[in-house]
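Peer 1: Have a look at this one before I ask anything.
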Amino acid sequence: MEQFKAFWASMPDFQDAAVHLLVTLLILVIGWMISNMLGRLVRRLADHSARIDPTVIPILRSVTVWTVRTVVLLAVLARLGVQTASLVAMLGASALAIGLALQGTLQNFAAGIMLLLLRPVRAGEFVSVEGKGLGTVDEIGLFMTRLVQADGIHLLLPNSLVWGNPIVNYSRNSTRRLDMMVGVRQGDDLDAALATLQGLADRHADVLKDPAPQVMVMEYRDSAVMLNIRLWTLSDKYWDVRFDLQRQAPQVLRDAGLRSPIPLREVRTIDESTAPRAAANGG
């Protein structure tokens, strides 16, 4: 032990180097611990926030953790005598080159971040991306958005296409208006048809009372008068109500003595034997 103490005392440079290395290791360990603590703190705060989508929480945590770790690593390298300025410049140039090479991929990544932060669409919502497709949102990833179409086929869209095109969200509001056209034959009692369809809409269990349902004459066609049933229902009941009314409307009209419209054509016959005589007499 005495020999080790004498050796230690005889090498002041070694002492300084050992202390310097120990402080550097402490900075690395403590910085790593702080990054993990901040990552857990960000996750905890995001979990308790209703405005942050759960999909974006791992991204926020990773960005926080690796930002702190990058600063810690630069500090460690600086204590070890590495010229961090040149290292940072080299990393910046590399990032620029990678960014140019992956321009399309980075556009999808940036669009994915915007979709996750601003949330114009959410998982489980039925949406239409104008000109690209429509379906129920199954997953919003960092690069791709997956929609499940009505026939069960999965549609994968790059995030830049979703973010860069108009989005029609059919599920965001809790209620939705339904307009359905029903034809009545020309000459039938319009008041009776209006009252019959109004009663059908009023009695339906899934039709909202406020706003109240309406039935109105919309247009006249060759052989039919078109009536419009306008009502409000819950968004998740929309298609059930539509299909049910399409089934019941013709039946209740028939029960009320009203006829379904059919194309009508007026056919006239001309007696060819009398046609020249009528023409000669100016008829």
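Quick note on naming: the chains in the structure tokens go A, B, ... in the order shown, residues restart at 1 in each chain, and ligands are numbered from 1 in order of appearance.
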Write out as a PyMOL selection string each polymer residue whose atoms come within 7 Å of Arg230 in chain A, counting only C-alpha atoms; drop sequence neighbours fewer than 6 positions from it.

Peer 2: chain A and resi 178-180+213-215

Peer 1: If we count only C-alpha atoms and set the cut-off at 12 Å, which residues sit around Asp244 in chain A, ignoring sequence neighbours fewer than 4 positions away in its own chain? Please answer as an MDAnalysis selection string.

Peer 2: chainID A and resid 180 200:201 204:207 237:240 248:251

Peer 1: Save out the residues we just selected, N, CA, C and O atoms, as a short mmCIF file (atom, residue, chain, number, x, y, z; two decimals), in the first residue's frame.

Peer 2:
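Once written, out12.cif looks like this:
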data_model
loop_
_atom_site.label_atom_id
_atom_site.label_comp_id
_atom_site.auth_asym_id
_atom_site.auth_seq_id
_atom_site.Cartn_x
_atom_site.Cartn_y
_atom_site.Cartn_z
N MET A 180 -82.28 11.81 -48.80
CA MET A 180 -82.64 10.67 -49.62
C MET A 180 -83.80 11.06 -50.53
O MET A 180 -84.81 11.60 -50.09
N LEU A 200 -92.90 8.37 -41.49
CA LEU A 200 -91.83 7.36 -41.46
C LEU A 200 -90.58 7.91 -40.79
O LEU A 200 -89.97 7.23 -39.95
N ALA A 201 -90.19 9.13 -41.15
CA ALA A 201 -88.99 9.73 -40.56
C ALA A 201 -89.19 10.03 -39.08
O ALA A 201 -88.28 9.81 -38.27
N HIS A 204 -88.92 6.80 -36.85
CA HIS A 204 -87.69 6.00 -36.85
C HIS A 204 -86.89 6.25 -35.57
O HIS A 204 -86.66 7.40 -35.18
N ALA A 205 -86.44 5.17 -34.94
CA ALA A 205 -85.78 5.30 -33.64
C ALA A 205 -84.44 6.00 -33.72
O ALA A 205 -84.00 6.63 -32.74
N ASP A 206 -83.74 5.90 -34.84
CA ASP A 206 -82.39 6.46 -34.95
C ASP A 206 -82.36 7.84 -35.59
O ASP A 206 -81.27 8.38 -35.84
N VAL A 207 -83.51 8.41 -35.88
CA VAL A 207 -83.58 9.76 -36.44
C VAL A 207 -83.68 10.76 -35.29
O VAL A 207 -84.52 10.62 -34.40
N LYS A 237 -74.53 5.75 -37.13
CA LYS A 237 -75.79 5.13 -37.54
C LYS A 237 -76.19 5.52 -38.96
O LYS A 237 -77.25 5.10 -39.44
N TYR A 238 -75.38 6.34 -39.62
CA TYR A 238 -75.78 6.93 -40.90
C TYR A 238 -76.20 5.88 -41.91
O TYR A 238 -77.29 5.95 -42.49
N TRP A 239 -75.33 4.90 -42.17
CA TRP A 239 -75.62 3.93 -43.23
C TRP A 239 -76.75 3.00 -42.84
O TRP A 239 -77.55 2.59 -43.69
N ASP A 240 -76.86 2.66 -41.56
CA ASP A 240 -77.98 1.82 -41.12
C ASP A 240 -79.31 2.53 -41.37
O ASP A 240 -80.27 1.91 -41.87
N GLN A 248 -87.89 0.87 -46.42
CA GLN A 248 -89.24 1.10 -45.92
C GLN A 248 -90.03 2.11 -46.76
O GLN A 248 -91.27 2.02 -46.82
N ALA A 249 -89.35 3.09 -47.38
CA ALA A 249 -90.07 4.17 -48.07
C ALA A 249 -91.00 3.66 -49.16
O ALA A 249 -92.19 4.03 -49.19
N PRO A 250 -90.56 2.80 -50.09
CA PRO A 250 -91.51 2.31 -51.11
C PRO A 250 -92.68 1.53 -50.51
O PRO A 250 -93.81 1.61 -51.00
N GLN A 251 -92.40 0.80 -49.41
CA GLN A 251 -93.46 -0.01 -48.81
C GLN A 251 -94.55 0.86 -48.18
O GLN A 251 -95.74 0.60 -48.38
#

Peer 1: In terms of the shortest atom-to-atom distance over only C-alpha atoms, which of A:Leu116, A:Val137, A:Val168, A:Leu208 is closest to His154 in chain A?

Peer 2: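 Among A:Leu116, A:Val137, A:Val168, A:Leu208, it is A:Val137 that comes nearest to His154 in chain A.
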
Peer 1: Select, from A:Val19, A:Leu147, A:Ala212, A:Val184, the residue with the minimum atom-to-atom distance to Leu231 in chain A, counting only C-alpha atoms.

Peer 2: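 Using only C-alpha atoms, the shortest distance to Leu231 in chain A belongs to A:Ala212.
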
Peer 1: Looking only at the backbone, which of the residues in range 155-190 of chain A does DSSP tag as strand (DSSP E or B), as a list in words?

Peer 2: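 Selecting the strand (DSSP E or B) positions of range 155-190 of chain A gives Leu155, Leu156, Leu157, Pro158, Ile167, Val168, Asn169, Thr175, Arg176, Arg177, Leu178, Asp179, Met180, Met181, Val182, Gly183, Val184 and Arg185 of chain A.
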
Peer 1: Near Val63 in chain A, counting only C-alpha atoms, which residues have an atom at most 10 Å away, once you skip same-chain residues fewer than 6 positions from it, shown as a list of chain:residue names?

Peer 2: A:Gly39, A:Ile57, A:Arg69

Peer 1: Would you please extract all alpha helix (DSSP H) residues from range 148-281 of chain A, as assigned by DSSP on the backbone, and give them as JSON, numbers by chain?

Peer 2: {"A": [159, 160, 161, 162, 163, 190, 191, 192, 193, 194, 195, 196, 197, 198, 199, 200, 201, 202, 203, 238, 239, 240, 241, 242, 243, 244, 245, 246, 247, 248, 249, 250, 251, 252, 253, 254, 255, 275, 276, 277, 278, 279, 280]}

Peer 1: Just how far from CA of Pro263 in chain A is CA of Ala224 in chain A, in Å to one decimal?

Peer 2: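 CA of Ala224 in chain A sits 8.3 Å away from CA of Pro263 in chain A.
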
Peer 1: Could you check the closest approach to Leu245 in chain A for each of A:Ala193, A:Leu117, A:Leu156, A:Val182 and tell me which residue wins, using only C-alpha atoms?

Peer 2: A:Val182

Peer 1: What is the CA of Thr70 in chain A-CA of Leu25 in chain A distance in Å, reported with one decimal?

Peer 2: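 Taking CA of Thr70 in chain A and CA of Leu25 in chain A, their separation equals 15.1 Å.
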
Peer 1: How many Å lie between CA of Phe109 in chain A and CA of Val42 in chain A, rounded to one decimal?

Peer 2: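 According to the coordinates, CA of Phe109 in chain A and CA of Val42 in chain A are separated by 21.1 Å.
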
Peer 1: Pick from A:Thr24, A:Ser260, A:Val162, A:Met37: nearest to Leu73 in chain A, with only C-alpha atoms counted?

Peer 2: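 Smallest separation from Leu73 in chain A among the options: A:Thr24.
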
Peer 1: Considering only C-alpha atoms, can you say which of A:Gly31, A:Lys132, A:Gly141, A:Val148 comes closest to Thr67 in chain A?

Peer 2: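 For Thr67 in chain A, the nearest of the given residues is A:Gly31.
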
Peer 1: Using only C-alpha atoms, which residue out of A:Trp32, A:Phe143, A:Phe126, A:Trp232 lies closest to Trp163 in chain A?

Peer 2: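 For Trp163 in chain A, the nearest of the candidates is A:Phe143.
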